[in-house]
Each structure stands twice: as structure tokens, then as C-alpha cells.
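Trainee: One file: coords.pdb (PDB, C-alpha atoms).
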```
ATOM      1  CA  MET A   1    -135.370  34.370 -19.128
ATOM      2  CA  PRO A   2    -136.679  32.373 -22.077
ATOM      3  CA  SER A   3    -134.634  29.358 -23.077
ATOM      4  CA  ILE A   4    -136.075  29.112 -26.606
ATOM      5  CA  PHE A   5    -135.229  31.402 -29.502
ATOM      6  CA  ILE A   6    -136.794  31.261 -32.967
ATOM      7  CA  ILE A   7    -134.450  33.089 -35.306
ATOM      8  CA  PRO A   8    -134.832  33.797 -39.029
ATOM      9  CA  THR A   9    -132.082  32.577 -41.342
ATOM     10  CA  SER A  10    -131.487  33.014 -45.051
ATOM     11  CA  ASN A  11    -133.083  29.572 -45.624
ATOM     12  CA  GLY A  12    -135.876  29.478 -43.056
ATOM     13  CA  TRP A  13    -135.737  29.524 -39.251
ATOM     14  CA  ASN A  14    -133.608  28.137 -36.423
ATOM     15  CA  LEU A  15    -135.327  26.962 -33.261
ATOM     16  CA  ILE A  16    -132.660  27.222 -30.578
ATOM     17  CA  ARG A  17    -133.396  25.603 -27.224
ATOM     18  CA  SER A  18    -131.277  25.555 -24.097
ATOM     19  CA  ALA A  19    -130.149  21.971 -23.598
ATOM     20  CA  ALA A  20    -131.192  20.489 -20.259
ATOM     21  CA  PRO A  21    -127.987  19.927 -18.254
ATOM     22  CA  ALA A  22    -129.051  16.532 -16.857
ATOM     23  CA  SER A  23    -130.291  15.058 -20.126
ATOM     24  CA  PRO A  24    -128.224  12.990 -22.534
ATOM     25  CA  PRO A  25    -127.115  14.736 -25.725
ATOM     26  CA  ASP A  26    -129.649  14.996 -28.550
ATOM     27  CA  ARG A  27    -129.181  13.494 -31.982
ATOM     28  CA  LYS A  28    -126.041  15.172 -33.218
ATOM     29  CA  GLY A  29    -126.436  16.266 -36.815
ATOM     30  CA  SER A  30    -129.193  13.693 -37.323
ATOM     31  CA  HIS A  31    -130.792  13.327 -40.703
ATOM     32  CA  ASN A  32    -133.712  11.218 -41.765
ATOM     33  CA  ASN A  33    -132.594   9.487 -44.918
ATOM     34  CA  GLY A  34    -136.258   8.686 -45.368
ATOM     35  CA  GLY A  35    -137.977   5.938 -47.199
ATOM     36  CA  GLU A  36    -140.143   6.448 -50.200
ATOM     37  CA  GLY A  37    -142.715   9.207 -49.639
ATOM     38  CA  GLU A  38    -141.102  10.232 -46.335
ATOM     39  CA  ALA A  39    -140.108  13.872 -45.862
ATOM     40  CA  PRO A  40    -136.595  14.422 -44.513
ATOM     41  CA  ALA A  41    -136.511  15.393 -40.833
ATOM     42  CA  ALA A  42    -135.168  18.769 -39.786
ATOM     43  CA  LYS A  43    -131.501  18.748 -38.943
ATOM     44  CA  THR A  44    -130.800  18.956 -35.209
ATOM     45  CA  GLU A  45    -127.425  19.837 -33.734
ATOM     46  CA  ASP A  46    -126.369  19.858 -30.083
ATOM     47  CA  ASN A  47    -123.291  21.753 -28.960
ATOM     48  CA  GLY A  48    -123.679  20.796 -25.305
ATOM     49  CA  SER A  49    -125.431  23.998 -24.244
ATOM     50  CA  TRP A  50    -127.927  24.663 -27.018
ATOM     51  CA  THR A  51    -129.883  22.471 -29.384
ATOM     52  CA  VAL A  52    -130.415  24.026 -32.807
ATOM     53  CA  ARG A  53    -133.152  22.731 -35.068
ATOM     54  CA  LYS A  54    -133.272  24.026 -38.620
ATOM     55  CA  LEU A  55    -136.790  24.653 -39.919
ATOM     56  CA  GLN A  56    -138.011  25.582 -43.388
ATOM     57  CA  THR A  57    -141.073  27.476 -42.124
ATOM     58  CA  LEU A  58    -142.317  28.989 -38.884
ATOM     59  CA  GLU A  59    -145.228  26.520 -39.016
ATOM     60  CA  GLU A  60    -142.728  23.752 -38.228
ATOM     61  CA  ALA A  61    -141.958  25.429 -34.876
ATOM     62  CA  VAL A  62    -145.552  25.212 -33.613
ATOM     63  CA  PRO A  63    -145.601  21.497 -32.681
ATOM     64  CA  LEU A  64    -142.188  21.899 -31.018
ATOM     65  CA  LEU A  65    -143.543  24.437 -28.501
ATOM     66  CA  SER A  66    -145.734  23.718 -25.509
ATOM     67  CA  ALA A  67    -148.366  26.059 -24.116
ATOM     68  CA  ASN A  68    -146.072  26.916 -21.181
ATOM     69  CA  ASP A  69    -142.957  27.685 -23.221
ATOM     70  CA  GLU A  70    -141.598  31.195 -23.119
ATOM     71  CA  PHE A  71    -139.641  32.114 -26.209
ATOM     72  CA  VAL A  72    -138.127  34.950 -28.185
ATOM     73  CA  LEU A  73    -139.141  35.398 -31.815
ATOM     74  CA  GLY A  74    -136.479  37.109 -33.891
ATOM     75  CA  LEU A  75    -137.688  39.233 -36.773
ATOM     76  CA  PRO A  76    -135.991  39.431 -40.167
ATOM     77  CA  VAL A  77    -134.071  42.668 -40.610
ATOM     78  CA  SER A  78    -135.952  43.243 -43.853
ATOM     79  CA  ALA A  79    -139.253  43.355 -41.923
ATOM     80  CA  VAL A  80    -138.364  45.980 -39.319
ATOM     81  CA  LEU A  81    -137.451  49.603 -39.058
ATOM     82  CA  ALA A  82    -134.429  49.640 -36.758
ATOM     83  CA  GLN A  83    -132.950  52.809 -35.332
ATOM     84  CA  ARG A  84    -130.465  53.760 -32.658
ATOM     85  CA  PHE A  85    -131.249  56.908 -30.682
ATOM     86  CA  ARG A  86    -129.099  59.107 -28.481
ATOM     87  CA  LEU A  87    -131.340  60.631 -25.838
ATOM     88  CA  PRO A  88    -130.643  62.767 -22.796
ATOM     89  CA  SER A  89    -130.152  60.635 -19.681
ATOM     90  CA  ILE A  90    -133.456  60.617 -17.883
ATOM     91  CA  ASP A  91    -135.483  58.433 -15.614
ATOM     92  CA  PRO A  92    -135.795  55.064 -17.440
ATOM     93  CA  ALA A  93    -139.555  55.182 -16.845
ATOM     94  CA  GLU A  94    -139.690  58.048 -19.379
ATOM     95  CA  PHE A  95    -138.002  56.040 -22.167
ATOM     96  CA  PRO A  96    -141.156  54.435 -23.606
ATOM     97  CA  GLU A  97    -142.784  57.800 -24.326
ATOM     98  CA  MET A  98    -139.579  59.406 -25.639
ATOM     99  CA  ILE A  99    -138.896  56.469 -27.931
ATOM    100  CA  ARG A 100    -142.495  56.381 -29.143
ATOM    101  CA  LEU A 101    -142.146  60.040 -30.178
ATOM    102  CA  GLN A 102    -138.822  59.372 -31.949
ATOM    103  CA  ILE A 103    -140.237  56.366 -33.812
ATOM    104  CA  GLU A 104    -143.325  58.331 -34.888
ATOM    105  CA  LYS A 105    -141.052  60.878 -36.596
ATOM    106  CA  LEU A 106    -139.540  58.124 -38.781
ATOM    107  CA  LEU A 107    -142.674  56.235 -39.763
ATOM    108  CA  PRO A 108    -144.166  56.629 -43.228
ATOM    109  CA  PHE A 109    -147.544  55.468 -41.825
ATOM    110  CA  PRO A 110    -149.621  56.051 -38.650
ATOM    111  CA  ALA A 111    -147.940  55.039 -35.375
ATOM    112  CA  ASP A 112    -150.956  53.004 -34.279
ATOM    113  CA  GLU A 113    -150.199  50.615 -37.162
ATOM    114  CA  VAL A 114    -146.901  49.446 -35.647
ATOM    115  CA  THR A 115    -145.614  47.285 -32.846
ATOM    116  CA  SER A 116    -142.312  48.437 -31.409
ATOM    117  CA  ASP A 117    -139.837  47.769 -28.665
ATOM    118  CA  PHE A 118    -136.496  49.088 -27.471
ATOM    119  CA  GLU A 119    -133.384  48.111 -25.564
ATOM    120  CA  LEU A 120    -131.180  50.434 -23.507
ATOM    121  CA  ILE A 121    -127.656  49.934 -24.887
ATOM    122  CA  GLU A 122    -125.661  52.412 -22.837
ATOM    123  CA  GLN A 123    -126.331  55.127 -20.298
ATOM    124  CA  ASN A 124    -124.112  57.668 -18.609
ATOM    125  CA  GLU A 125    -124.707  60.956 -16.797
ATOM    126  CA  THR A 126    -125.405  62.964 -19.946
ATOM    127  CA  GLU A 127    -126.949  60.623 -22.498
ATOM    128  CA  SER A 128    -128.550  57.276 -23.166
ATOM    129  CA  VAL A 129    -128.138  55.129 -26.263
ATOM    130  CA  VAL A 130    -131.254  53.161 -27.139
ATOM    131  CA  SER A 131    -131.841  50.670 -29.938
ATOM    132  CA  ALA A 132    -135.445  50.530 -31.139
ATOM    133  CA  ILE A 133    -137.373  48.490 -33.695
ATOM    134  CA  ALA A 134    -140.806  48.841 -35.222
ATOM    135  CA  ILE A 135    -142.805  46.529 -37.480
ATOM    136  CA  ARG A 136    -146.205  47.045 -39.067
ATOM    137  CA  ASN A 137    -148.879  45.146 -37.137
ATOM    138  CA  GLU A 138    -150.223  43.681 -40.373
ATOM    139  CA  GLN A 139    -146.800  42.345 -41.364
ATOM    140  CA  LEU A 140    -146.152  40.963 -37.864
ATOM    141  CA  ALA A 141    -149.539  39.232 -37.765
ATOM    142  CA  GLU A 142    -148.913  37.649 -41.155
ATOM    143  CA  MET A 143    -145.395  36.511 -40.275
ATOM    144  CA  ALA A 144    -146.281  35.187 -36.818
ATOM    145  CA  SER A 145    -149.693  33.758 -37.768
ATOM    146  CA  PRO A 146    -148.696  30.124 -37.091
ATOM    147  CA  LEU A 147    -147.851  31.107 -33.503
ATOM    148  CA  LEU A 148    -150.747  33.530 -33.037
ATOM    149  CA  ASP A 149    -153.209  30.914 -34.354
ATOM    150  CA  ARG A 150    -151.913  28.533 -31.669
ATOM    151  CA  GLY A 151    -152.697  31.129 -28.972
ATOM    152  CA  PHE A 152    -149.217  32.506 -28.324
ATOM    153  CA  THR A 153    -149.065  36.227 -27.628
ATOM    154  CA  PHE A 154    -146.126  38.580 -27.689
ATOM    155  CA  ARG A 155    -144.852  41.077 -25.194
ATOM    156  CA  GLY A 156    -142.070  43.560 -24.957
ATOM    157  CA  ARG A 157    -140.767  46.015 -22.466
ATOM    158  CA  SER A 158    -142.540  49.038 -23.875
ATOM    159  CA  LEU A 159    -144.872  49.244 -26.846
ATOM    160  CA  CYS A 160    -144.691  45.701 -28.102
ATOM    161  CA  MET A 161    -148.383  44.881 -27.693
ATOM    162  CA  PRO A 162    -150.744  46.747 -29.987
ATOM    163  CA  PRO A 163    -153.249  48.925 -28.090
ATOM    164  CA  SER A 164    -156.062  46.631 -29.234
ATOM    165  CA  ALA A 165    -154.577  43.592 -27.440
ATOM    166  CA  PRO A 166    -156.805  42.324 -24.614
ATOM    167  CA  ALA A 167    -155.537  43.358 -21.193
ATOM    168  CA  HIS A 168    -156.059  39.846 -19.786
ATOM    169  CA  THR A 169    -153.711  38.293 -22.365
ATOM    170  CA  ARG A 170    -150.658  36.773 -20.697
ATOM    171  CA  PRO A 171    -147.811  37.025 -23.191
ATOM    172  CA  ARG A 172    -145.398  34.115 -23.420
ATOM    173  CA  ALA A 173    -143.157  35.354 -26.209
ATOM    174  CA  MET A 174    -140.965  38.337 -26.873
ATOM    175  CA  LEU A 175    -139.903  39.983 -30.075
ATOM    176  CA  PHE A 176    -136.509  41.291 -30.984
TER     177      PHE A 176
END
```
Spit out the file's structure as C-alpha cells when you get a sec.
Mentor:
Amino acid sequence: MPSIFIIPTSNGWNLIRSAAPASPPDRKGSHNNGGEGEAPAAKTEDNGSWTVRKLQTLEEAVPLLSANDEFVLGLPVSAVLAQRFRLPSIDPAEFPEMIRLQIEKLLPFPADEVTSDFELIEQNETESVVSAIAIRNEQLAEMASPLLDRGFTFRGRSLCMPPSAPAHTRPRAMLF
């Protein structure tokens, strides 16, 4: 399970990292008062379990990630098509295809132009409730370009990688 989450906020992004249990607490609410010509440092808070760093842009997250980090990139609600589906209870291996068909019905553009993923919310003997999201590949590439340019790739449980993605690519990030 990734221990880093990059989440959009109304004023930028939050980089949330699981605090190492053996390490001393980070700078609590630290601010760089800065000298002349110095940019203020991002605010970092530590609640004992998670360290939250407020960022103005996604570009600021790049130097804070290492090549081996696994992380989750949250997407702004305004950028995704989100839908909850009620489907007949079936073998979970059939969900990706069923959800792909449901998403295709909602899209105002070709399905091969989107990246999508889903999460099983609830399942009983008669039905399954699934939450799905889709985002245009072009919009995702533009938004995530600072991470993609650094060589990070994204994966999901179902359709998260565009069909054109190289098979040898080892994803280290997830979308939600």
C-alpha cells in the first residue's frame, strides 16, 4: 500500500506522507520567514501519523519523490467523470469489461480517449455497487506532466493505463 498521497486542494496540492514511526517529528507548522529574494517554504505539518506538505503546484512534488516511491495521485473532481453503478453480482473478474461498457455509454467522446478505474463499494448476492471514474487521456497527461516527465507511470486495477502504454512499464503510482 502506498504511503504517499498527492491530493488536489482548492489552493494547490497536499503531499501527504506516512510518518516513519521511529523518526523524530518533522517541523510542526514550519514557515520560512525568508530573507530578501527568498521564496517562502511550503508549510509542513505533522500530526504524528502523517506529514502534510502544502504545495502550490504539482511541479513542487517532483523533487520530494524518489524513483522508488509508490504514491496515489488524486484527481480534481472537476477533471473526472465520476459515476456509481449498480450491477448484477457476478464474478469480480468480469467487472472491468462491464464497467468499460457502462462508462462508454456516458462518454461524449471515444472510449479510447479516456483512462478509467473503478472500486467495488458493496457486493451482496444480487447486486454490486461500483464507483468508477474516467478522465480524458489528454487532460490527464497535461495535469500529471511534471510526474510523467520524471518517468513516473500510473496504474489502476482495471483500465487505468491507456492501451498505448508500453507493456514493460512498471507503474509506481495510482490514480483515484
Trainee: Can you translate the PyMOL selection byres ((chain A and resi 103) around 10) into the concrete residues it hits in this file, as a list in words?
Mentor: Leu81, Ala82, Gln83, Phe85, Glu97, Met98, Ile99, Arg100, Leu101, Gln102, Glu104, Lys105, Leu106, Leu107, Ala111, Val114, Ser116, Ala132, Ile133 and Ala134 of chain A
Trainee: What is the distance, in Å and to one decimal place, between CA of Leu55 in chain A and CA of Ser3 in chain A?
Mentor: 17.6 Å
Trainee: To one decimal in Å, tell me the separation between CA of Thr57 in chain A and CA of Val72 in chain A.
Mentor: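 Those two atoms sit 16.1 Å apart.
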Trainee: Choose the residue, out of A:Arg53, A:Arg86, A:Arg17, A:Arg150, that has the smallest atom-to-atom separation from Ser131 in chain A; count only C-alpha atoms.
Mentor: A:Arg86
Trainee: Can you pull out every residue within 12 Å of Arg136 in chain A, counting all atoms listed in the file, but drop anything in the same chain fewer than 3 positions away, and send it as JSON, numbers by chain?
Mentor: {"A": [75, 78, 79, 80, 81, 107, 108, 109, 110, 111, 112, 113, 114, 115, 116, 133, 139, 140, 141, 142, 143, 160, 161, 162]}
Trainee: Convert the output of the PyMOL selection byres ((chain A and resi 10) around 12) on the shown file into explicit residues, formatted as a list of chain:residue names.
Mentor: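 So the PyMOL selection byres ((chain A and resi 10) around 12), applied here, picks out A:Ile7, A:Pro8, A:Thr9, A:Asn11, A:Gly12, A:Trp13, A:Asn14, A:Lys54, A:Leu55, A:Gln56, A:Thr57, A:Pro76, A:Val77, A:Ser78.
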Trainee: Mind pulling up the distance from CA of Val52 in chain A to CA of Ala144 in chain A?
Mentor: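 Between CA of Ala144 in chain A and CA of Val52 in chain A the gap works out to 19.8 Å.
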Trainee: Could you list, as a list in words, every residue matched by the PyMOL selection byres ((chain A and resi 128-130) around 8) in this structure?
Mentor: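 Applying the PyMOL selection byres ((chain A and resi 128-130) around 8) to the structure shown produces Arg84, Phe85, Arg86, Leu87, Pro88, Ser89, Ile90, Phe118, Glu119, Leu120, Ile121, Glu122, Gln123, Asn124, Thr126, Glu127, Ser131 and Ala132 of chain A.
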Trainee: When distances are computed from only C-alpha atoms, which of A:Ala67, A:Ile135, A:Leu73, A:Leu148 shows the smallest separation from Ile16 in chain A?
Mentor: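 Looking only at the distances to Ile16 in chain A, the closest residue turns out to be A:Leu73.
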Trainee: Using only C-alpha atoms, find the one residue out of A:Ile4, A:Asp117, A:Glu138, A:Trp50 that sits nearest to Leu65 in chain A.
Mentor: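 The shortest atom-to-atom distance to Leu65 in chain A comes from A:Ile4.
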Trainee: With distances taken over all atoms listed in the file, which residue among A:Leu147, A:Phe95, A:Ala19, A:Gly74 lies nearest Val62 in chain A?
Mentor: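 With all atoms listed in the file as the atom set, the closest residue is A:Leu147.
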Trainee: Just want the 9 Å neighbourhood of Pro146 in chain A, counted on all atoms listed in the file, with same-chain residues fewer than 6 positions away dropped. Output as a PyMOL selection string.
Mentor: chain A and resi 58-62
